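Engineer: Coordinates in target.pdb, PDB, C-alpha atoms and all ligand atoms, are listed below.
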```pdb
ATOM      1  CA  MET J   1      75.163  87.330  74.913
ATOM      2  CA  THR J   2      77.491  89.581  72.914
ATOM      3  CA  PHE J   3      81.071  90.187  74.012
ATOM      4  CA  LYS J   4      83.530  92.870  73.137
ATOM      5  CA  ALA J   5      87.237  93.007  73.973
ATOM      6  CA  THR J   6      88.127  95.829  76.310
ATOM      7  CA  LEU J   7      91.407  97.138  77.668
ATOM      8  CA  PHE J   8      92.509  96.990  81.283
ATOM      9  CA  ALA J   9      89.714  94.757  82.577
ATOM     10  CA  GLY J  10      92.264  93.353  84.993
ATOM     11  CA  ALA J  11      94.732  92.872  82.141
ATOM     12  CA  VAL J  12      92.750  91.933  79.024
ATOM     13  CA  ALA J  13      89.275  90.538  79.442
ATOM     14  CA  LEU J  14      85.885  90.288  77.882
ATOM     15  CA  ALA J  15      83.040  92.434  79.106
ATOM     16  CA  PRO J  16      79.428  91.454  78.445
ATOM     17  CA  LEU J  17      77.413  94.010  76.537
ATOM     18  CA  ALA J  18      74.325  94.928  78.492
ATOM     19  CA  ALA J  19      71.206  93.133  77.304
ATOM     20  CA  ALA J  20      68.956  95.589  79.119
ATOM     21  CA  ALA J  21      69.497  99.054  80.541
ATOM     22  CA  ASP J  22      71.691  99.850  77.547
ATOM     23  CA  ASP J  23      70.159 103.277  77.159
ATOM     24  CA  LEU J  24      71.617 104.634  80.383
ATOM     25  CA  THR J  25      73.089 108.114  80.470
ATOM     26  CA  ILE J  26      76.020 108.418  82.842
ATOM     27  CA  GLY J  27      77.786 111.599  83.928
ATOM     28  CA  PHE J  28      81.522 111.276  84.580
ATOM     29  CA  SER J  29      83.296 114.044  86.470
ATOM     30  CA  GLN J  30      87.013 113.459  85.912
ATOM     31  CA  ILE J  31      89.720 115.372  87.795
ATOM     32  CA  GLY J  32      91.797 116.264  84.741
ATOM     33  CA  SER J  33      94.811 114.682  83.069
ATOM     34  CA  GLU J  34      97.603 115.210  85.576
ATOM     35  CA  SER J  35      99.167 111.778  85.095
ATOM     36  CA  GLY J  36      99.518 108.917  82.637
ATOM     37  CA  TRP J  37      97.395 106.844  84.973
ATOM     38  CA  ARG J  38      94.601 109.443  84.914
ATOM     39  CA  ALA J  39      94.612 109.587  81.093
ATOM     40  CA  ALA J  40      94.346 105.777  81.001
ATOM     41  CA  GLU J  41      91.434 105.821  83.452
ATOM     42  CA  THR J  42      89.599 108.255  81.181
ATOM     43  CA  THR J  43      90.210 106.047  78.127
ATOM     44  CA  VAL J  44      89.069 102.919  79.934
ATOM     45  CA  THR J  45      85.950 104.620  81.296
ATOM     46  CA  ARG J  46      84.928 105.653  77.779
ATOM     47  CA  GLN J  47      85.563 102.084  76.542
ATOM     48  CA  GLN J  48      83.638 100.488  79.386
ATOM     49  CA  ALA J  49      80.651 102.798  78.831
ATOM     50  CA  GLU J  50      80.704 102.190  75.081
ATOM     51  CA  ALA J  51      80.940  98.408  75.554
ATOM     52  CA  ARG J  52      77.697  98.557  77.548
ATOM     53  CA  GLY J  53      75.993 100.914  75.087
ATOM     54  CA  PHE J  54      75.803 103.726  77.665
ATOM     55  CA  ASP J  55      75.857 107.402  76.781
ATOM     56  CA  LEU J  56      78.775 108.894  78.752
ATOM     57  CA  LYS J  57      78.721 112.630  79.458
ATOM     58  CA  PHE J  58      82.324 113.545  80.231
ATOM     59  CA  ALA J  59      83.427 116.622  82.183
ATOM     60  CA  ASP J  60      87.124 117.443  82.713
ATOM     61  CA  ALA J  61      87.490 119.534  85.900
ATOM     62  CA  GLN J  62      91.053 120.661  85.196
ATOM     63  CA  GLN J  63      92.038 119.897  88.798
ATOM     64  CA  LYS J  64      89.389 122.198  90.320
ATOM     65  CA  GLN J  65      86.799 121.004  92.819
ATOM     66  CA  GLU J  66      84.525 123.918  91.926
ATOM     67  CA  ASN J  67      84.426 122.640  88.324
ATOM     68  CA  GLN J  68      83.523 119.165  89.586
ATOM     69  CA  ILE J  69      80.690 120.526  91.724
ATOM     70  CA  LYS J  70      79.426 122.535  88.740
ATOM     71  CA  ALA J  71      79.604 119.427  86.523
ATOM     72  CA  LEU J  72      77.691 117.348  89.083
ATOM     73  CA  ARG J  73      74.968 120.009  89.287
ATOM     74  CA  GLY J  74      74.795 119.987  85.473
ATOM     75  CA  PHE J  75      74.403 116.193  85.436
ATOM     76  CA  ILE J  76      71.659 116.431  88.068
ATOM     77  CA  ALA J  77      69.831 119.099  86.012
ATOM     78  CA  GLN J  78      70.059 116.862  82.917
ATOM     79  CA  GLY J  79      68.565 113.957  84.885
ATOM     80  CA  VAL J  80      71.343 111.446  84.170
ATOM     81  CA  ASP J  81      70.834 107.876  85.402
ATOM     82  CA  GLY J  82      74.037 107.786  87.433
ATOM     83  CA  ILE J  83      77.200 109.737  88.160
ATOM     84  CA  LEU J  84      80.839 108.610  88.311
ATOM     85  CA  LEU J  85      82.952 110.951  90.425
ATOM     86  CA  ALA J  86      86.760 110.904  90.759
ATOM     87  CA  PRO J  87      87.013 113.502  93.542
ATOM     88  CA  VAL J  88      90.086 115.741  93.385
ATOM     89  CA  VAL J  89      90.117 116.365  97.156
ATOM     90  CA  ALA J  90      88.481 114.544 100.052
ATOM     91  CA  THR J  91      86.435 117.303 101.710
ATOM     92  CA  GLY J  92      83.621 119.648 100.616
ATOM     93  CA  TRP J  93      81.268 117.227  98.854
ATOM     94  CA  ASP J  94      78.314 116.980 101.257
ATOM     95  CA  ASP J  95      76.024 119.580  99.675
ATOM     96  CA  VAL J  96      76.296 118.372  96.095
ATOM     97  CA  LEU J  97      76.074 114.697  97.115
ATOM     98  CA  GLU J  98      72.900 115.516  99.037
ATOM     99  CA  GLU J  99      71.514 117.241  95.934
ATOM    100  CA  ALA J 100      72.204 114.098  93.879
ATOM    101  CA  GLN J 101      70.551 111.968  96.549
ATOM    102  CA  GLU J 102      67.457 114.202  96.602
ATOM    103  CA  ALA J 103      67.260 113.825  92.809
ATOM    104  CA  GLU J 104      67.602 110.013  93.293
ATOM    105  CA  ILE J 105      70.726 109.852  91.161
ATOM    106  CA  PRO J 106      73.258 107.297  92.456
ATOM    107  CA  VAL J 107      76.848 108.510  92.672
ATOM    108  CA  ILE J 108      79.812 106.136  92.474
ATOM    109  CA  LEU J 109      83.253 107.281  93.651
ATOM    110  CA  MET J 110      86.202 106.236  91.546
ATOM    111  CA  ASP J 111      89.839 105.885  92.676
ATOM    112  CA  ARG J 112      89.657 108.443  95.519
ATOM    113  CA  MET J 113      87.589 108.719  98.674
ATOM    114  CA  VAL J 114      85.572 111.598 100.162
ATOM    115  CA  ASP J 115      85.086 112.656 103.772
ATOM    116  CA  ALA J 116      81.285 112.364 103.679
ATOM    117  CA  ASP J 117      78.685 110.041 105.112
ATOM    118  CA  GLU J 118      78.687 106.787 103.149
ATOM    119  CA  SER J 119      74.916 106.987 102.675
ATOM    120  CA  LEU J 120      75.614 109.806 100.193
ATOM    121  CA  TYR J 121      77.171 107.523  97.588
ATOM    122  CA  LEU J 122      76.273 104.095  96.210
ATOM    123  CA  THR J 123      79.758 102.595  96.373
ATOM    124  CA  ALA J 124      83.432 103.518  96.031
ATOM    125  CA  VAL J 125      85.728 101.675  93.623
ATOM    126  CA  THR J 126      89.244 102.280  94.914
ATOM    127  CA  SER J 127      92.428 100.535  95.906
ATOM    128  CA  ASP J 128      93.475 100.351  99.551
ATOM    129  CA  LEU J 129      95.436 103.604  99.425
ATOM    130  CA  VAL J 130      96.994 103.166 102.879
ATOM    131  CA  HIS J 131      98.091  99.639 101.968
ATOM    132  CA  GLU J 132      99.821 100.905  98.805
ATOM    133  CA  GLY J 133     101.954 103.292 100.866
ATOM    134  CA  LYS J 134     102.648 100.578 103.421
ATOM    135  CA  VAL J 135     103.846  98.176 100.712
ATOM    136  CA  ALA J 136     106.213 100.905  99.442
ATOM    137  CA  GLY J 137     107.589 101.509 102.954
ATOM    138  CA  GLU J 138     108.009  97.810 103.690
ATOM    139  CA  TRP J 139     109.753  97.300 100.369
ATOM    140  CA  LEU J 140     112.269 100.052 101.198
ATOM    141  CA  ALA J 141     112.817  98.752 104.745
ATOM    142  CA  ALA J 142     113.621  95.290 103.365
ATOM    143  CA  GLU J 143     115.811  96.752 100.625
ATOM    144  CA  MET J 144     117.901  98.786 103.122
ATOM    145  CA  ASP J 145     118.159  95.869 105.548
ATOM    146  CA  GLY J 146     119.165  98.097 108.485
ATOM    147  CA  ALA J 147     121.471 100.443 106.539
ATOM    148  CA  PRO J 148     120.875 104.167 107.171
ATOM    149  CA  CYS J 149     118.737 105.920 104.570
ATOM    150  CA  ARG J 150     117.610 109.540 104.232
ATOM    151  CA  ILE J 151     114.329 109.523 102.311
ATOM    152  CA  VAL J 152     112.607 112.283 100.347
ATOM    153  CA  GLU J 153     108.888 112.082  99.629
ATOM    154  CA  LEU J 154     106.918 113.544  96.730
ATOM    155  CA  GLN J 155     103.312 113.833  97.843
ATOM    156  CA  GLY J 156     100.272 113.835  95.597
ATOM    157  CA  THR J 157      97.744 116.663  95.383
ATOM    158  CA  THR J 158      97.295 118.322  98.769
ATOM    159  CA  GLY J 159      94.008 117.313 100.391
ATOM    160  CA  SER J 160      93.432 114.348  98.073
ATOM    161  CA  SER J 161      92.777 110.981  99.691
ATOM    162  CA  PRO J 162      95.714 109.233  97.952
ATOM    163  CA  ALA J 163      98.138 111.900  99.183
ATOM    164  CA  ILE J 164      96.830 111.584 102.751
ATOM    165  CA  ASP J 165      96.587 107.791 102.804
ATOM    166  CA  ARG J 166      99.738 106.945 100.858
ATOM    167  CA  LYS J 167     101.731 109.175 103.222
ATOM    168  CA  ALA J 168     100.219 107.523 106.303
ATOM    169  CA  GLY J 169     100.720 104.045 104.824
ATOM    170  CA  PHE J 170     104.390 104.634 104.026
ATOM    171  CA  GLU J 171     105.003 105.889 107.566
ATOM    172  CA  GLN J 172     103.407 102.669 108.853
ATOM    173  CA  GLY J 173     105.607 100.630 106.519
ATOM    174  CA  ILE J 174     108.871 102.108 107.827
ATOM    175  CA  GLU J 175     107.734 102.248 111.465
ATOM    176  CA  GLY J 176     110.236 100.665 113.835
ATOM    177  CA  HIS J 177     113.101 100.989 111.311
ATOM    178  CA  ASP J 178     115.219 103.649 113.001
ATOM    179  CA  ASN J 179     117.697 103.549 110.111
ATOM    180  CA  LEU J 180     115.051 105.124 107.822
ATOM    181  CA  GLU J 181     114.228 108.824 108.062
ATOM    182  CA  ILE J 182     111.992 111.025 105.890
ATOM    183  CA  VAL J 183     114.050 114.224 105.641
ATOM    184  CA  ARG J 184     111.920 116.161 103.115
ATOM    185  CA  SER J 185     108.293 115.825 102.058
ATOM    186  CA  GLN J 186     106.484 118.126  99.652
ATOM    187  CA  THR J 187     103.679 117.991  97.111
ATOM    188  CA  GLY J 188     104.486 117.464  93.443
ATOM    189  CA  ASP J 189     100.765 117.510  92.581
ATOM    190  CA  PHE J 190     100.929 114.093  90.875
ATOM    191  CA  THR J 191     102.599 115.634  87.774
ATOM    192  CA  ARG J 192     105.894 114.896  86.021
ATOM    193  CA  SER J 193     106.793 118.559  85.772
ATOM    194  CA  GLN J 194     106.300 119.225  89.500
ATOM    195  CA  GLY J 195     108.024 115.960  90.368
ATOM    196  CA  LYS J 196     111.105 117.233  88.563
ATOM    197  CA  VAL J 197     110.960 120.745  90.033
ATOM    198  CA  VAL J 198     110.495 119.541  93.623
ATOM    199  CA  MET J 199     113.183 116.850  93.286
ATOM    200  CA  GLU J 200     115.590 119.533  92.069
ATOM    201  CA  SER J 201     114.830 121.547  95.190
ATOM    202  CA  PHE J 202     115.336 118.452  97.412
ATOM    203  CA  LEU J 203     118.720 117.768  95.797
ATOM    204  CA  LYS J 204     119.761 121.393  96.243
ATOM    205  CA  ALA J 205     118.628 121.587  99.853
ATOM    206  CA  GLU J 206     120.044 118.241 100.987
ATOM    207  CA  GLY J 207     123.138 118.039  98.818
ATOM    208  CA  ALA J 208     123.181 115.572  95.928
ATOM    209  CA  GLY J 209     124.922 112.751  97.819
ATOM    210  CA  ASN J 210     122.768 112.966 100.935
ATOM    211  CA  ILE J 211     119.550 111.426  99.666
ATOM    212  CA  CYS J 212     119.329 107.648  99.676
ATOM    213  CA  ALA J 213     115.756 107.052  98.503
ATOM    214  CA  LEU J 214     112.751 108.706  96.904
ATOM    215  CA  TYR J 215     109.182 107.691  97.680
ATOM    216  CA  ALA J 216     106.748 109.262  95.180
ATOM    217  CA  HIS J 217     102.968 108.986  95.548
ATOM    218  CA  ASN J 218     102.739 108.282  91.813
ATOM    219  CA  ASP J 219     104.949 107.178  88.941
ATOM    220  CA  ASP J 220     104.661 110.388  86.965
ATOM    221  CA  MET J 221     106.342 112.376  89.748
ATOM    222  CA  ALA J 222     109.005 109.642  89.997
ATOM    223  CA  VAL J 223     109.664 109.853  86.253
ATOM    224  CA  GLY J 224     110.052 113.652  86.521
ATOM    225  CA  ALA J 225     112.374 113.174  89.505
ATOM    226  CA  ILE J 226     114.498 110.654  87.569
ATOM    227  CA  GLN J 227     115.279 113.447  85.110
ATOM    228  CA  ALA J 228     116.292 115.795  87.946
ATOM    229  CA  ILE J 229     118.509 113.093  89.497
ATOM    230  CA  LYS J 230     120.268 112.481  86.182
ATOM    231  CA  GLU J 231     120.802 116.199  85.653
ATOM    232  CA  ALA J 232     122.397 116.334  89.120
ATOM    233  CA  GLY J 233     124.954 113.774  87.900
ATOM    234  CA  LEU J 234     123.555 110.861  89.927
ATOM    235  CA  ALA J 235     122.274 107.446  88.849
ATOM    236  CA  PRO J 236     118.545 107.035  89.592
ATOM    237  CA  GLY J 237     117.735 103.555  90.872
ATOM    238  CA  LYS J 238     121.291 103.138  92.170
ATOM    239  CA  ASP J 239     122.535 106.297  93.953
ATOM    240  CA  ILE J 240     118.922 107.061  94.868
ATOM    241  CA  ARG J 241     116.474 104.174  95.170
ATOM    242  CA  ILE J 242     113.017 104.985  93.836
ATOM    243  CA  VAL J 243     109.668 103.472  94.779
ATOM    244  CA  ALA J 244     106.326 104.835  93.538
ATOM    245  CA  ILE J 245     102.726 103.859  92.786
ATOM    246  CA  ASP J 246     100.589 103.221  89.641
ATOM    247  CA  ALA J 247     102.723 100.870  87.485
ATOM    248  CA  VAL J 248     102.287 102.955  84.342
ATOM    249  CA  PRO J 249     104.277 101.699  81.324
ATOM    250  CA  ASP J 250     107.038 104.299  81.781
ATOM    251  CA  ALA J 251     107.655 103.041  85.322
ATOM    252  CA  HIS J 252     108.049  99.472  84.057
ATOM    253  CA  LEU J 253     110.490 100.770  81.442
ATOM    254  CA  ALA J 254     112.434 102.740  84.075
ATOM    255  CA  ILE J 255     112.670  99.613  86.269
ATOM    256  CA  ALA J 256     113.751  97.522  83.264
ATOM    257  CA  ASN J 257     116.471 100.140  82.582
ATOM    258  CA  GLY J 258     117.624 100.102  86.217
ATOM    259  CA  GLU J 259     116.542 103.714  86.799
ATOM    260  CA  MET J 260     113.705 102.928  89.207
ATOM    261  CA  ASN J 261     113.325 100.098  91.709
ATOM    262  CA  ALA J 262     109.692  99.384  92.496
ATOM    263  CA  THR J 263     106.115 100.391  91.731
ATOM    264  CA  ILE J 264     102.736  99.291  93.054
ATOM    265  CA  GLU J 265     100.043  98.715  90.464
ATOM    266  CA  LEU J 266      96.801 100.662  90.411
ATOM    267  CA  THR J 267      94.419  99.455  87.726
ATOM    268  CA  PRO J 268      92.981 102.213  85.507
ATOM    269  CA  ASN J 269      89.858 100.073  85.171
ATOM    270  CA  MET J 270      87.722 101.513  87.951
ATOM    271  CA  ALA J 271      84.828 102.010  85.530
ATOM    272  CA  GLY J 272      84.227  98.308  84.810
ATOM    273  CA  PRO J 273      83.274  97.405  88.401
ATOM    274  CA  ALA J 274      81.618 100.827  88.872
ATOM    275  CA  LEU J 275      79.317 100.472  85.861
ATOM    276  CA  ASP J 276      78.505  96.839  86.705
ATOM    277  CA  ALA J 277      77.444  97.932  90.197
ATOM    278  CA  LEU J 278      75.438 100.846  88.845
ATOM    279  CA  GLN J 279      73.689  98.737  86.223
ATOM    280  CA  ALA J 280      72.730  96.039  88.749
ATOM    281  CA  PHE J 281      71.442  98.685  91.143
ATOM    282  CA  LEU J 282      69.350 100.404  88.460
ATOM    283  CA  GLN J 283      68.034  97.124  87.045
ATOM    284  CA  ASP J 284      66.843  95.374  90.193
ATOM    285  CA  GLY J 285      67.978  97.396  93.182
ATOM    286  CA  THR J 286      71.022  95.206  93.969
ATOM    287  CA  GLU J 287      72.976  97.087  96.632
ATOM    288  CA  PRO J 288      76.726  96.817  96.064
ATOM    289  CA  ALA J 289      79.249  96.658  98.913
ATOM    290  CA  LYS J 290      80.179 100.184 100.036
ATOM    291  CA  TRP J 291      83.766  99.550  98.972
ATOM    292  CA  ILE J 292      84.786  97.662  95.856
ATOM    293  CA  GLN J 293      88.500  97.192  96.375
ATOM    294  CA  THR J 294      90.925  96.874  93.467
ATOM    295  CA  GLU J 295      94.209  94.967  93.728
ATOM    296  CA  SER J 296      97.616  96.453  94.560
ATOM    297  CA  ARG J 297     100.496  94.434  93.125
ATOM    298  CA  LEU J 298     104.171  95.207  93.763
ATOM    299  CA  TYR J 299     106.565  95.153  90.787
ATOM    300  CA  THR J 300     110.338  95.153  91.334
ATOM    301  CA  ALA J 301     113.416  94.455  89.241
ATOM    302  CA  ALA J 302     112.722  90.749  89.862
ATOM    303  CA  ASP J 303     109.794  91.000  87.403
ATOM    304  CA  ASP J 304     110.064  91.026  83.607
ATOM    305  CA  ASN J 305     109.266  94.738  83.371
ATOM    306  CA  LYS J 306     110.181  94.980  79.674
ATOM    307  CA  ALA J 307     107.507  92.400  78.882
ATOM    308  CA  VAL J 308     104.927  94.109  81.113
ATOM    309  CA  TYR J 309     105.773  97.457  79.489
ATOM    310  CA  GLU J 310     105.241  96.011  76.027
ATOM    311  CA  GLU J 311     102.018  94.287  77.037
ATOM    312  CA  LYS J 312     100.560  97.442  78.559
ATOM    313  CA  LYS J 313     101.638  99.557  75.565
ATOM    314  CA  SER J 314     100.052  97.041  73.196
ATOM    315  CA  LEU J 315      96.784  97.483  75.100
ATOM    316  CA  GLY J 316      96.884 101.220  74.424
ATOM    317  CA  TYR J 317      98.041 102.308  77.922
TER     318      TYR J 317
HETATM  319  O1  LIG J 401      93.760 108.792  92.564
HETATM  320  C1  LIG J 401      94.703 108.012  91.919
HETATM  321  C2  LIG J 401      95.952 108.807  91.655
HETATM  322  O2  LIG J 401      95.643 109.976  90.938
HETATM  323  C3  LIG J 401      96.998 108.109  90.812
HETATM  324  O3  LIG J 401      97.884 107.346  91.555
HETATM  325  C4  LIG J 401      97.686 109.272  90.224
HETATM  326  O4  LIG J 401      98.574 108.961  89.193
HETATM  327  C5  LIG J 401      96.520 110.088  89.849
HETATM  328  O5  LIG J 401      96.733 111.254  89.293
END
```
Once more with this new file: its structure as structure tokens, please.
Structural biologist:
Amino acid sequence: MTFKATLFAGAVALAPLAAAADDLTIGFSQIGSESGWRAAETTVTRQQAEARGFDLKFADAQQKQENQIKALRGFIAQGVDGILLAPVVATGWDDVLEEAQEAEIPVILMDRMVDADESLYLTAVTSDLVHEGKVAGEWLAAEMDGAPCRIVELQGTTGSSPAIDRKAGFEQGIEGHDNLEIVRSQTGDFTRSQGKVVMESFLKAEGAGNICALYAHNDDMAVGAIQAIKEAGLAPGKDIRIVAIDAVPDAHLAIANGEMNATIELTPNMAGPALDALQAFLQDGTEPAKWIQTESRLYTAADDNKAVYEEKKSLGY
């Protein structure tokens, strides 16, 4: 068996090159490049396909569901062997998933869920998105230890499963802690630029000294918000505690510099497990579990974030 080093297979790992079924053509409908995490997922998906000798047809939807539906129809017309779909929003997929099913092309969801019957896709490779939010809420509740805290929330893309689930999870995490109150909650669309703009509006509306914590549905929005907090003359990570999700290198650096407090890791390697499941299914009909869950690890200032930052950067993240 031949092995090739790949990035982000957990941390660094070796992936077997496919002995058979190495002539597969896979369509990948990616949302866009709204965040550092998303860019890394695209890189890893290309690497994982290449390591297996698969031909990857890549379509960037530029944040639009209509572009994703068009791309899926294109893949179906080309007769690809399988489709990877990172769905921008949760609803509106039934028709195109049914078309893929009629054409006998398995679809695997990556990193986000859809509101559709599970028979319409082969499996979903995602984290537990509710759990991630809950971990963030529980971390903040422990950190505040009963002290009053007015929280602002930067939501992800409206209608996307991580925005819905991470919001619900955080609310579960702070439930029963009457000292904690979410005073503002708005979408920042998972981008740095919107994270900054919306944080500026929160600071203006609430008054700079009246916000105790920021919960952002991803690190990129938190990094944008850090800039806004600094420009308002406050110390991010101290005057305003910050917890977010993804664990991209810049978040580790911000924690190491004391400008952010916690992040929950989301691996960009969804494609490894997705392509393994697809290959096994195409080779001998092995049915994967409907949900292949990736890990969610909490990083805080107690971790050596400088070292993790350097390790992730050295892997090309
Ligand atoms: O669906 C995963 C989320 O989408 C990531 O947390 C975020 O950074 C991305 O854009």
Engineer: Can you list, as a ChimeraX atom specification, the residues that the PyMOL selection byres (((chain J and resi 159) around 8) and not hetatm) selects here?
Structural biologist: /J:89-91,157-158,160-161,163-164
Engineer: Go ahead and write the residues just picked, C-alpha atoms, as a PDB file, in the frame of the given file.
Structural biologist:
```pdb
ATOM      1  CA  VAL J  89      90.117 116.365  97.156  1.00  0.00           C
ATOM      2  CA  ALA J  90      88.481 114.544 100.052  1.00  0.00           C
ATOM      3  CA  THR J  91      86.435 117.303 101.710  1.00  0.00           C
ATOM      4  CA  THR J 157      97.744 116.663  95.383  1.00  0.00           C
ATOM      5  CA  THR J 158      97.295 118.322  98.769  1.00  0.00           C
ATOM      6  CA  SER J 160      93.432 114.348  98.073  1.00  0.00           C
ATOM      7  CA  SER J 161      92.777 110.981  99.691  1.00  0.00           C
ATOM      8  CA  ALA J 163      98.138 111.900  99.183  1.00  0.00           C
ATOM      9  CA  ILE J 164      96.830 111.584 102.751  1.00  0.00           C
TER      10      ILE J 164
END
```
Engineer: For chain J versus ligand LIG 401 (chain J), which residues have an atom no more than 9 Å away, and what is each residue's nearest atom pair and distance in Å rounded to one decimal, using only C-alpha atoms and all ligand atoms, chain-then-number order, as a tab-separated table?
Structural biologist:
```
residue	atom	partner	partner_atom	distance
J:Ile31	CA	J:LIG401	O5	8.3
J:Gly32	CA	J:LIG401	O5	8.4
J:Ser33	CA	J:LIG401	O5	7.4
J:Glu34	CA	J:LIG401	O5	5.5
J:Ser35	CA	J:LIG401	O5	4.9
J:Gly36	CA	J:LIG401	O4	6.6
J:Trp37	CA	J:LIG401	O4	4.9
J:Arg38	CA	J:LIG401	O5	5.2
J:Ala39	CA	J:LIG401	O5	8.6
J:Ala86	CA	J:LIG401	O1	7.5
J:Pro87	CA	J:LIG401	O1	8.3
J:Val88	CA	J:LIG401	O1	7.9
J:Met110	CA	J:LIG401	O1	8.0
J:Asp111	CA	J:LIG401	O1	4.9
J:Arg112	CA	J:LIG401	O1	5.1
J:Met113	CA	J:LIG401	O1	8.7
J:Thr126	CA	J:LIG401	O1	8.3
J:Ser127	CA	J:LIG401	C1	8.8
J:Leu129	CA	J:LIG401	C1	8.7
J:Gly156	CA	J:LIG401	C4	7.5
J:Thr157	CA	J:LIG401	O5	8.2
J:Ser160	CA	J:LIG401	O1	7.8
J:Ser161	CA	J:LIG401	O1	7.5
J:Pro162	CA	J:LIG401	O1	5.7
J:Ala163	CA	J:LIG401	C2	8.4
J:Asp189	CA	J:LIG401	O5	8.1
J:Phe190	CA	J:LIG401	O5	5.3
J:Thr191	CA	J:LIG401	O5	7.5
J:His217	CA	J:LIG401	O3	6.7
J:Asn218	CA	J:LIG401	O3	5.0
J:Asp219	CA	J:LIG401	O4	6.6
J:Asp220	CA	J:LIG401	O4	6.6
J:Met221	CA	J:LIG401	O4	8.5
J:Ile245	CA	J:LIG401	O3	6.1
J:Asp246	CA	J:LIG401	O3	5.3
J:Val248	CA	J:LIG401	O4	8.6
J:Glu265	CA	J:LIG401	O3	9.0
J:Leu266	CA	J:LIG401	O3	6.9
J:Pro268	CA	J:LIG401	C1	8.8
```
Engineer: Specify as a list in words each residue included when the PyMOL selection byres (((chain J and resi 143) around 12) and not hetatm) is applied to this file.
Structural biologist: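 After applying the PyMOL selection byres (((chain J and resi 143) around 12) and not hetatm), what remains is Ala136, Gly137, Glu138, Trp139, Leu140, Ala141, Ala142, Met144, Asp145, Gly146, Ala147, Pro148, Cys149, Ile174, His177, Asn179, Leu180, Cys212, Ala213, Lys238, Arg241, Ile242, Val243, Asn261, Ala262, Thr300 and Ala301 of chain J.
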Engineer: Determine the residue set returned by the PyMOL selection byres (((chain J and resi 226-234) around 10) and not hetatm) for the present structure, and present it as number ranges by chain.
Structural biologist: J: 192-193, 195-204, 207-209, 214, 220-225, 235-240, 242, 254, 259-260
Engineer: I'd like the neighbourhood of region 119-124 of chain J as a PyMOL selection string, where a residue qualifies if any of its atoms comes within 12 Å (using all atoms listed in the file), though same-chain residues fewer than 4 positions away should be ignored.
Structural biologist: chain J and resi 82-87+93-115+128+270-271+273-282+285-294
Engineer: How many Å separate CA of Gln172 (chain J) from CA of Gln155 (chain J)?
Structural biologist: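 Between CA of Gln172 (chain J) and CA of Gln155 (chain J) the gap works out to 15.7 Å.
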Engineer: Quick one: pull the distance between CA of Lys167 (chain J) and CA of Asp304 (chain J), Å, one decimal.
Structural biologist: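 Answer for the CA of Lys167 (chain J) to CA of Asp304 (chain J) separation: 28.0 Å.
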Engineer: Could you please determine the separation between CA of Arg166 (chain J) and CA of Ser296 (chain J) in Å, to one decimal place?
Structural biologist: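 Between CA of Arg166 (chain J) and CA of Ser296 (chain J) the gap is 12.4 Å.
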Engineer: The residues within 6 Å of (70.2, 106.5, 83.4), using all atoms listed in the file and the coordinates of the file, should be reported as a ChimeraX atom specification; which are they?
Structural biologist: /J:24-25,80-82
Engineer: With distances taken over all atoms listed in the file, which residue among J:Lys134, J:Leu298, J:Ala256, J:Thr187 lies nearest Glu175 (chain J)?
Structural biologist: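 Smallest distance to Glu175 (chain J) is found for J:Lys134.
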Engineer: Neighbourhood query: residues within 10 Å of (83.2, 102.4, 80.6), file coordinates, counting all atoms listed in the file; return as a short mmCIF file (atom, residue, chain, number, x, y, z; two decimals) with C-alpha atoms, keeping the file's coordinate frame.
Structural biologist:
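out-v5.cif written:
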```
data_model
loop_
_atom_site.label_atom_id
_atom_site.label_comp_id
_atom_site.auth_asym_id
_atom_site.auth_seq_id
_atom_site.Cartn_x
_atom_site.Cartn_y
_atom_site.Cartn_z
CA THR J 6 88.13 95.83 76.31
CA ILE J 26 76.02 108.42 82.84
CA PHE J 28 81.52 111.28 84.58
CA GLU J 41 91.43 105.82 83.45
CA THR J 42 89.60 108.26 81.18
CA THR J 43 90.21 106.05 78.13
CA VAL J 44 89.07 102.92 79.93
CA THR J 45 85.95 104.62 81.30
CA ARG J 46 84.93 105.65 77.78
CA GLN J 47 85.56 102.08 76.54
CA GLN J 48 83.64 100.49 79.39
CA ALA J 49 80.65 102.80 78.83
CA GLU J 50 80.70 102.19 75.08
CA ALA J 51 80.94 98.41 75.55
CA ARG J 52 77.70 98.56 77.55
CA GLY J 53 75.99 100.91 75.09
CA PHE J 54 75.80 103.73 77.67
CA ASP J 55 75.86 107.40 76.78
CA LEU J 56 78.78 108.89 78.75
CA ASN J 269 89.86 100.07 85.17
CA MET J 270 87.72 101.51 87.95
CA ALA J 271 84.83 102.01 85.53
CA GLY J 272 84.23 98.31 84.81
CA PRO J 273 83.27 97.40 88.40
CA ALA J 274 81.62 100.83 88.87
CA LEU J 275 79.32 100.47 85.86
CA ASP J 276 78.50 96.84 86.70
#
```
Engineer: Pick out the closest residue to Arg297 (chain J) from this set: J:Gly133, J:Gly74, J:Gly79, J:Gly176. Count only C-alpha atoms.
Structural biologist: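 Ranking J:Gly133, J:Gly74, J:Gly79, J:Gly176 by distance to Arg297 (chain J), first place goes to J:Gly133.
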Engineer: Counting all atoms listed in the file, which residue out of J:Pro249, J:Asn67, J:Phe170, J:Asp303 sits closest to Leu315 (chain J)?
Structural biologist: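 Among the listed residues, the smallest separation from Leu315 (chain J) belongs to J:Pro249.
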